[in-house]
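Have a look at upload_30.pdb below; it lists PDB, C-alpha atoms, pLDDT in the B column.
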```
ATOM      1  CA  MET U1333      37.500  19.149 -20.359  1.00 43.00           C
ATOM      2  CA  ARG U1334      34.263  19.474 -22.348  1.00 48.00           C
ATOM      3  CA  MET U1335      31.964  16.711 -21.141  1.00 48.00           C
ATOM      4  CA  SER U1336      28.571  18.352 -20.568  1.00 56.00           C
ATOM      5  CA  GLY U1337      26.488  17.649 -23.634  1.00 66.00           C
ATOM      6  CA  PHE U1338      29.221  15.394 -25.051  1.00 76.00           C
ATOM      7  CA  ARG U1339      28.083  13.100 -27.851  1.00 85.00           C
ATOM      8  CA  SER U1340      30.504  10.611 -29.348  1.00 93.00           C
ATOM      9  CA  HIS U1341      30.597  10.210 -33.117  1.00 97.00           C
ATOM     10  CA  MET U1342      32.750   7.083 -32.988  1.00 98.00           C
ATOM     11  CA  ALA U1343      29.857   4.962 -34.317  1.00 98.00           C
ATOM     12  CA  LEU U1344      30.100   6.889 -37.611  1.00 98.00           C
ATOM     13  CA  ALA U1345      33.862   6.352 -37.713  1.00 98.00           C
ATOM     14  CA  LEU U1346      33.302   2.625 -37.149  1.00 98.00           C
ATOM     15  CA  ASP U1347      30.772   2.598 -40.027  1.00 98.00           C
ATOM     16  CA  ALA U1348      33.401   4.207 -42.283  1.00 98.00           C
ATOM     17  CA  ALA U1349      35.976   1.648 -41.115  1.00 98.00           C
ATOM     18  CA  ARG U1350      33.646  -1.254 -41.927  1.00 98.00           C
ATOM     19  CA  ALA U1351      32.993   0.207 -45.396  1.00 98.00           C
ATOM     20  CA  ALA U1352      36.754   0.527 -45.953  1.00 98.00           C
ATOM     21  CA  GLY U1353      37.205  -3.135 -45.011  1.00 98.00           C
ATOM     22  CA  VAL U1354      34.529  -4.176 -47.497  1.00 97.00           C
ATOM     23  CA  ARG U1355      36.492  -2.310 -50.194  1.00 97.00           C
ATOM     24  CA  GLY U1356      39.625  -4.286 -49.255  1.00 97.00           C
ATOM     25  CA  GLU U1357      41.206  -1.363 -47.420  1.00 98.00           C
ATOM     26  CA  VAL U1358      42.571  -1.563 -43.885  1.00 98.00           C
ATOM     27  CA  PRO U1359      39.402  -0.849 -41.862  1.00 98.00           C
ATOM     28  CA  VAL U1360      40.080   2.573 -40.399  1.00 98.00           C
ATOM     29  CA  GLY U1361      37.450   5.289 -40.340  1.00 98.00           C
ATOM     30  CA  ALA U1362      37.458   8.957 -39.417  1.00 98.00           C
ATOM     31  CA  VAL U1363      34.830  11.627 -38.826  1.00 98.00           C
ATOM     32  CA  VAL U1364      35.273  15.397 -38.465  1.00 98.00           C
ATOM     33  CA  VAL U1365      32.637  17.205 -36.430  1.00 98.00           C
ATOM     34  CA  SER U1366      32.237  20.982 -36.077  1.00 97.00           C
ATOM     35  CA  GLY U1367      32.175  22.624 -32.672  1.00 94.00           C
ATOM     36  CA  ASP U1368      28.374  22.763 -32.830  1.00 94.00           C
ATOM     37  CA  GLY U1369      28.059  19.037 -33.595  1.00 94.00           C
ATOM     38  CA  LEU U1370      27.625  19.099 -37.383  1.00 97.00           C
ATOM     39  CA  VAL U1371      29.283  16.159 -39.155  1.00 98.00           C
ATOM     40  CA  LEU U1372      31.525  17.740 -41.800  1.00 98.00           C
ATOM     41  CA  ALA U1373      33.200  14.597 -43.146  1.00 98.00           C
ATOM     42  CA  GLN U1374      33.121  10.816 -42.810  1.00 98.00           C
ATOM     43  CA  GLU U1375      35.865   8.864 -44.550  1.00 98.00           C
ATOM     44  CA  GLY U1376      37.590   5.489 -44.549  1.00 98.00           C
ATOM     45  CA  ASN U1377      41.008   4.446 -45.787  1.00 98.00           C
ATOM     46  CA  ARG U1378      41.389   4.550 -49.599  1.00 98.00           C
ATOM     47  CA  THR U1379      45.124   3.997 -50.087  1.00 98.00           C
ATOM     48  CA  ARG U1380      44.662   1.054 -52.453  1.00 98.00           C
ATOM     49  CA  GLU U1381      41.684   2.448 -54.311  1.00 98.00           C
ATOM     50  CA  LEU U1382      43.399   5.791 -54.976  1.00 98.00           C
ATOM     51  CA  CYS U1383      46.943   4.353 -55.292  1.00 98.00           C
ATOM     52  CA  ASP U1384      47.924   6.983 -52.748  1.00 98.00           C
ATOM     53  CA  ALA U1385      49.958   6.247 -49.622  1.00 98.00           C
ATOM     54  CA  THR U1386      48.579   9.434 -48.035  1.00 98.00           C
ATOM     55  CA  ALA U1387      44.912   8.456 -48.458  1.00 98.00           C
ATOM     56  CA  HIS U1388      44.473   7.538 -44.790  1.00 98.00           C
ATOM     57  CA  ALA U1389      40.999   8.063 -43.341  1.00 98.00           C
ATOM     58  CA  GLU U1390      42.150  11.021 -41.237  1.00 98.00           C
ATOM     59  CA  ILE U1391      43.782  12.833 -44.168  1.00 98.00           C
ATOM     60  CA  LEU U1392      40.732  12.303 -46.385  1.00 98.00           C
ATOM     61  CA  ALA U1393      38.359  13.460 -43.639  1.00 98.00           C
ATOM     62  CA  ILE U1394      40.450  16.580 -42.966  1.00 98.00           C
ATOM     63  CA  ARG U1395      40.536  17.405 -46.692  1.00 98.00           C
ATOM     64  CA  SER U1396      36.805  16.895 -47.045  1.00 98.00           C
ATOM     65  CA  ALA U1397      35.960  18.961 -43.956  1.00 98.00           C
ATOM     66  CA  CYS U1398      38.246  21.801 -45.057  1.00 98.00           C
ATOM     67  CA  SER U1399      36.569  21.759 -48.452  1.00 98.00           C
ATOM     68  CA  ALA U1400      33.108  21.781 -46.858  1.00 97.00           C
ATOM     69  CA  LEU U1401      34.042  24.839 -44.796  1.00 97.00           C
ATOM     70  CA  GLY U1402      36.045  26.519 -47.555  1.00 98.00           C
ATOM     71  CA  GLN U1403      39.100  26.964 -45.347  1.00 97.00           C
ATOM     72  CA  GLU U1404      42.421  25.268 -44.610  1.00 97.00           C
ATOM     73  CA  ARG U1405      41.992  24.981 -40.844  1.00 98.00           C
ATOM     74  CA  LEU U1406      39.456  23.209 -38.670  1.00 98.00           C
ATOM     75  CA  VAL U1407      39.653  25.331 -35.530  1.00 98.00           C
ATOM     76  CA  GLY U1408      37.170  24.118 -32.922  1.00 98.00           C
ATOM     77  CA  CYS U1409      36.481  20.842 -34.754  1.00 98.00           C
ATOM     78  CA  ASP U1410      36.772  17.324 -33.369  1.00 98.00           C
ATOM     79  CA  LEU U1411      38.218  14.281 -35.121  1.00 98.00           C
ATOM     80  CA  TYR U1412      37.065  10.753 -34.326  1.00 98.00           C
ATOM     81  CA  VAL U1413      39.213   7.956 -35.702  1.00 98.00           C
ATOM     82  CA  THR U1414      39.049   4.232 -35.040  1.00 98.00           C
ATOM     83  CA  LEU U1415      42.828   3.727 -34.807  1.00 98.00           C
ATOM     84  CA  GLU U1416      45.579   5.806 -33.234  1.00 98.00           C
ATOM     85  CA  PRO U1417      46.821   8.136 -35.977  1.00 98.00           C
ATOM     86  CA  CYS U1418      50.236   7.538 -37.521  1.00 98.00           C
ATOM     87  CA  ALA U1419      52.888  10.267 -37.452  1.00 98.00           C
ATOM     88  CA  MET U1420      51.799  11.631 -40.862  1.00 98.00           C
ATOM     89  CA  CYS U1421      48.186  11.915 -39.763  1.00 98.00           C
ATOM     90  CA  ALA U1422      49.134  13.376 -36.373  1.00 98.00           C
ATOM     91  CA  MET U1423      51.008  16.190 -38.131  1.00 97.00           C
ATOM     92  CA  ALA U1424      48.041  16.784 -40.443  1.00 98.00           C
ATOM     93  CA  ILE U1425      45.806  16.986 -37.348  1.00 98.00           C
ATOM     94  CA  SER U1426      48.191  19.552 -35.874  1.00 98.00           C
ATOM     95  CA  HIS U1427      48.387  21.628 -39.059  1.00 97.00           C
ATOM     96  CA  ALA U1428      44.581  21.562 -39.429  1.00 98.00           C
ATOM     97  CA  ARG U1429      44.297  22.840 -35.833  1.00 98.00           C
ATOM     98  CA  ILE U1430      41.862  20.100 -34.788  1.00 98.00           C
ATOM     99  CA  ALA U1431      40.667  20.934 -31.255  1.00 98.00           C
ATOM    100  CA  ARG U1432      40.025  17.412 -29.959  1.00 98.00           C
ATOM    101  CA  LEU U1433      41.172  13.993 -31.167  1.00 98.00           C
ATOM    102  CA  TYR U1434      39.209  10.937 -30.084  1.00 98.00           C
ATOM    103  CA  TYR U1435      40.600   7.576 -31.138  1.00 98.00           C
ATOM    104  CA  GLY U1436      39.770   3.948 -30.546  1.00 98.00           C
ATOM    105  CA  ALA U1437      42.431   1.266 -30.749  1.00 98.00           C
ATOM    106  CA  SER U1438      46.080   1.918 -29.949  1.00 97.00           C
ATOM    107  CA  ASP U1439      48.597   1.151 -32.693  1.00 97.00           C
ATOM    108  CA  ALA U1440      51.819  -0.238 -31.222  1.00 94.00           C
ATOM    109  CA  LYS U1441      53.321  -0.704 -34.697  1.00 94.00           C
ATOM    110  CA  SER U1442      52.532   2.584 -36.477  1.00 95.00           C
ATOM    111  CA  GLY U1443      50.918   4.899 -33.947  1.00 97.00           C
ATOM    112  CA  GLY U1444      52.187   8.448 -33.796  1.00 97.00           C
ATOM    113  CA  VAL U1445      50.316   9.854 -30.796  1.00 98.00           C
ATOM    114  CA  ALA U1446      50.888   7.664 -27.717  1.00 97.00           C
ATOM    115  CA  GLN U1447      53.225   5.200 -29.448  1.00 93.00           C
ATOM    116  CA  GLY U1448      56.247   5.582 -31.703  1.00 92.00           C
ATOM    117  CA  ALA U1449      56.903   9.143 -32.844  1.00 95.00           C
ATOM    118  CA  ARG U1450      54.603  10.764 -30.259  1.00 97.00           C
ATOM    119  CA  VAL U1451      54.228  13.757 -32.528  1.00 97.00           C
ATOM    120  CA  PHE U1452      52.317  15.957 -30.115  1.00 98.00           C
ATOM    121  CA  VAL U1453      55.128  16.076 -27.518  1.00 97.00           C
ATOM    122  CA  HIS U1454      57.675  17.615 -29.910  1.00 95.00           C
ATOM    123  CA  PRO U1455      58.336  21.348 -29.565  1.00 93.00           C
ATOM    124  CA  GLN U1456      58.149  21.680 -33.373  1.00 91.00           C
ATOM    125  CA  THR U1457      54.482  20.706 -33.318  1.00 94.00           C
ATOM    126  CA  HIS U1458      52.500  23.868 -34.091  1.00 90.00           C
ATOM    127  CA  HIS U1459      49.264  22.863 -32.379  1.00 97.00           C
ATOM    128  CA  VAL U1460      48.425  20.081 -29.927  1.00 98.00           C
ATOM    129  CA  PRO U1461      44.815  18.896 -29.726  1.00 98.00           C
ATOM    130  CA  GLU U1462      43.188  17.503 -26.624  1.00 98.00           C
ATOM    131  CA  VAL U1463      43.543  13.722 -26.968  1.00 98.00           C
ATOM    132  CA  TYR U1464      41.107  11.079 -25.721  1.00 98.00           C
ATOM    133  CA  ASP U1465      41.966   7.447 -26.418  1.00 97.00           C
ATOM    134  CA  GLY U1466      40.223   4.119 -26.005  1.00 97.00           C
ATOM    135  CA  ILE U1467      36.838   5.253 -27.392  1.00 96.00           C
ATOM    136  CA  SER U1468      35.158   2.038 -28.660  1.00 97.00           C
ATOM    137  CA  ALA U1469      38.637   0.496 -28.700  1.00 97.00           C
ATOM    138  CA  GLY U1470      37.404  -3.102 -28.449  1.00 97.00           C
ATOM    139  CA  GLU U1471      35.170  -2.805 -31.494  1.00 97.00           C
ATOM    140  CA  ALA U1472      37.830  -0.986 -33.527  1.00 98.00           C
ATOM    141  CA  GLU U1473      40.464  -3.557 -32.605  1.00 98.00           C
ATOM    142  CA  ALA U1474      38.112  -6.450 -33.458  1.00 97.00           C
ATOM    143  CA  LEU U1475      37.540  -5.004 -36.959  1.00 97.00           C
ATOM    144  CA  LEU U1476      41.285  -4.824 -37.575  1.00 97.00           C
ATOM    145  CA  LYS U1477      42.004  -8.305 -36.192  1.00 97.00           C
ATOM    146  CA  LYS U1478      39.242  -9.870 -38.300  1.00 96.00           C
ATOM    147  CA  PHE U1479      40.456  -8.056 -41.426  1.00 96.00           C
ATOM    148  CA  PHE U1480      44.062  -9.227 -41.042  1.00 94.00           C
ATOM    149  CA  ALA U1481      43.067 -12.770 -39.957  1.00 94.00           C
ATOM    150  CA  GLN U1482      41.148 -13.171 -43.234  1.00 91.00           C
ATOM    151  CA  ARG U1483      44.287 -12.284 -45.187  1.00 86.00           C
ATOM    152  CA  ARG U1484      46.601 -14.770 -43.500  1.00 79.00           C
TER
END
```
What do you get writing this file as structure tokens?
Amino acid sequence: MRMSGFRSHMALALDAARAAGVRGEVPVGAVVVSGDGLVLAQEGNRTRELCDATAHAEILAIRSACSALGQERLVGCDLYVTLEPCAMCAMAISHARIARLYYGASDAKSGGVAQGARVFVHPQTHHVPEVYDGISAGEAEALLKKFFAQRR
């Protein structure tokens, strides 16, 4: 476990989630950080804006970070996301070879890590990142609850 010198980047993911909410997107944000602490990508959901069901914050952040590095894998990189990734995003995390996944709120309905599909426990999963949950979970959950309450 890598805790000496640990610095959370969840605040940036929460900023991206808030920006997504302002755009009318489900407020989920993601940040990819290199092994030496450089922020490579900061993205929020854009499924409605891009008319793309795959435009989840995690997918967009992985794409952007890969582009920034000029490679298809993110070996040694960390991903911070405000909500437990769905099964699609969990597989993208695996294929990108993310080293560590930090997420905030659990997602009982669509989660794919600790809930539902539990992608990382399947033998077909190519790579399993270290997973740390509950990082700023209260704040991430409050953003989601407020967003959905305003739509009811």
Identify all residues satisfying the PyMOL selection byres ((chain U and resi 1337-1342) around 10) in the given file; provide them as a PyMOL selection string. chain U and resi 1334-1336+1343-1348+1361-1365+1369+1371+1410-1414+1434-1436+1467-1469+1472
Would you save the residues from that selection as a tab-separated table (two decimals), in the coordinates of the input, using C-alpha atoms?
```
chain	number	residue	atom	x	y	z
U	1334	ARG	CA	34.26	19.47	-22.35
U	1335	MET	CA	31.96	16.71	-21.14
U	1336	SER	CA	28.57	18.35	-20.57
U	1343	ALA	CA	29.86	4.96	-34.32
U	1344	LEU	CA	30.10	6.89	-37.61
U	1345	ALA	CA	33.86	6.35	-37.71
U	1346	LEU	CA	33.30	2.62	-37.15
U	1347	ASP	CA	30.77	2.60	-40.03
U	1348	ALA	CA	33.40	4.21	-42.28
U	1361	GLY	CA	37.45	5.29	-40.34
U	1362	ALA	CA	37.46	8.96	-39.42
U	1363	VAL	CA	34.83	11.63	-38.83
U	1364	VAL	CA	35.27	15.40	-38.47
U	1365	VAL	CA	32.64	17.20	-36.43
U	1369	GLY	CA	28.06	19.04	-33.60
U	1371	VAL	CA	29.28	16.16	-39.16
U	1410	ASP	CA	36.77	17.32	-33.37
U	1411	LEU	CA	38.22	14.28	-35.12
U	1412	TYR	CA	37.06	10.75	-34.33
U	1413	VAL	CA	39.21	7.96	-35.70
U	1414	THR	CA	39.05	4.23	-35.04
U	1434	TYR	CA	39.21	10.94	-30.08
U	1435	TYR	CA	40.60	7.58	-31.14
U	1436	GLY	CA	39.77	3.95	-30.55
U	1467	ILE	CA	36.84	5.25	-27.39
U	1468	SER	CA	35.16	2.04	-28.66
U	1469	ALA	CA	38.64	0.50	-28.70
U	1472	ALA	CA	37.83	-0.99	-33.53
```
Rank U:Ala1440, U:Leu1406, U:Val1460, U:Ala1393 by their smallest atom-to-atom distance to Ser1426 of chain U, using all atoms listed in the file, and report the top residue only.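 Going through U:Ala1440, U:Leu1406, U:Val1460, U:Ala1393 one by one, the smallest distance to Ser1426 of chain U is for U:Val1460.
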Quick one: residues within 10 Å of Lys1478 of chain U, all atoms listed in the file counted, chain neighbours fewer than 5 positions away excluded, as number ranges by chain? U: 1353, 1359, 1473, 1483
Min atom-atom distance to Cys1383 of chain U from the set U:Lys1441, U:Ile1430, U:Glu1357, U:Ala1446, counting all atoms listed in the file, belongs to U:Glu1357
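The space between atom CA of Ala1437 of chain U and atom CA of Asp1384 of chain U spans 23.4 Å.
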A straight line from atom CA of His1459 of chain U to atom CA of Gln1403 of chain U spans 17.0 Å
Atom pair atom CA of Thr1457 of chain U + atom CA of Leu1476 of chain U, distance 29.1 Å
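Selection check: the PyMOL selection byres ((chain U and resi 1416) around 6) on the shown file gives Leu1415, Pro1417, Tyr1435, Ser1438, Asp1439 and Gly1443 of chain U.
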Could you list, as a PyMOL selection string, every residue within 7 Å of segment 1389-1391 of chain U, counting all atoms listed in the file and ignoring same-chain residues fewer than 4 positions away? chain U and resi 1360-1362+1375-1377+1395+1413+1421+1424
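Closest approach to Ala1385 of chain U among U:Met1420, U:Ala1428, U:Val1445, U:Val1354 is made by U:Met1420 (distances from only C-alpha atoms).
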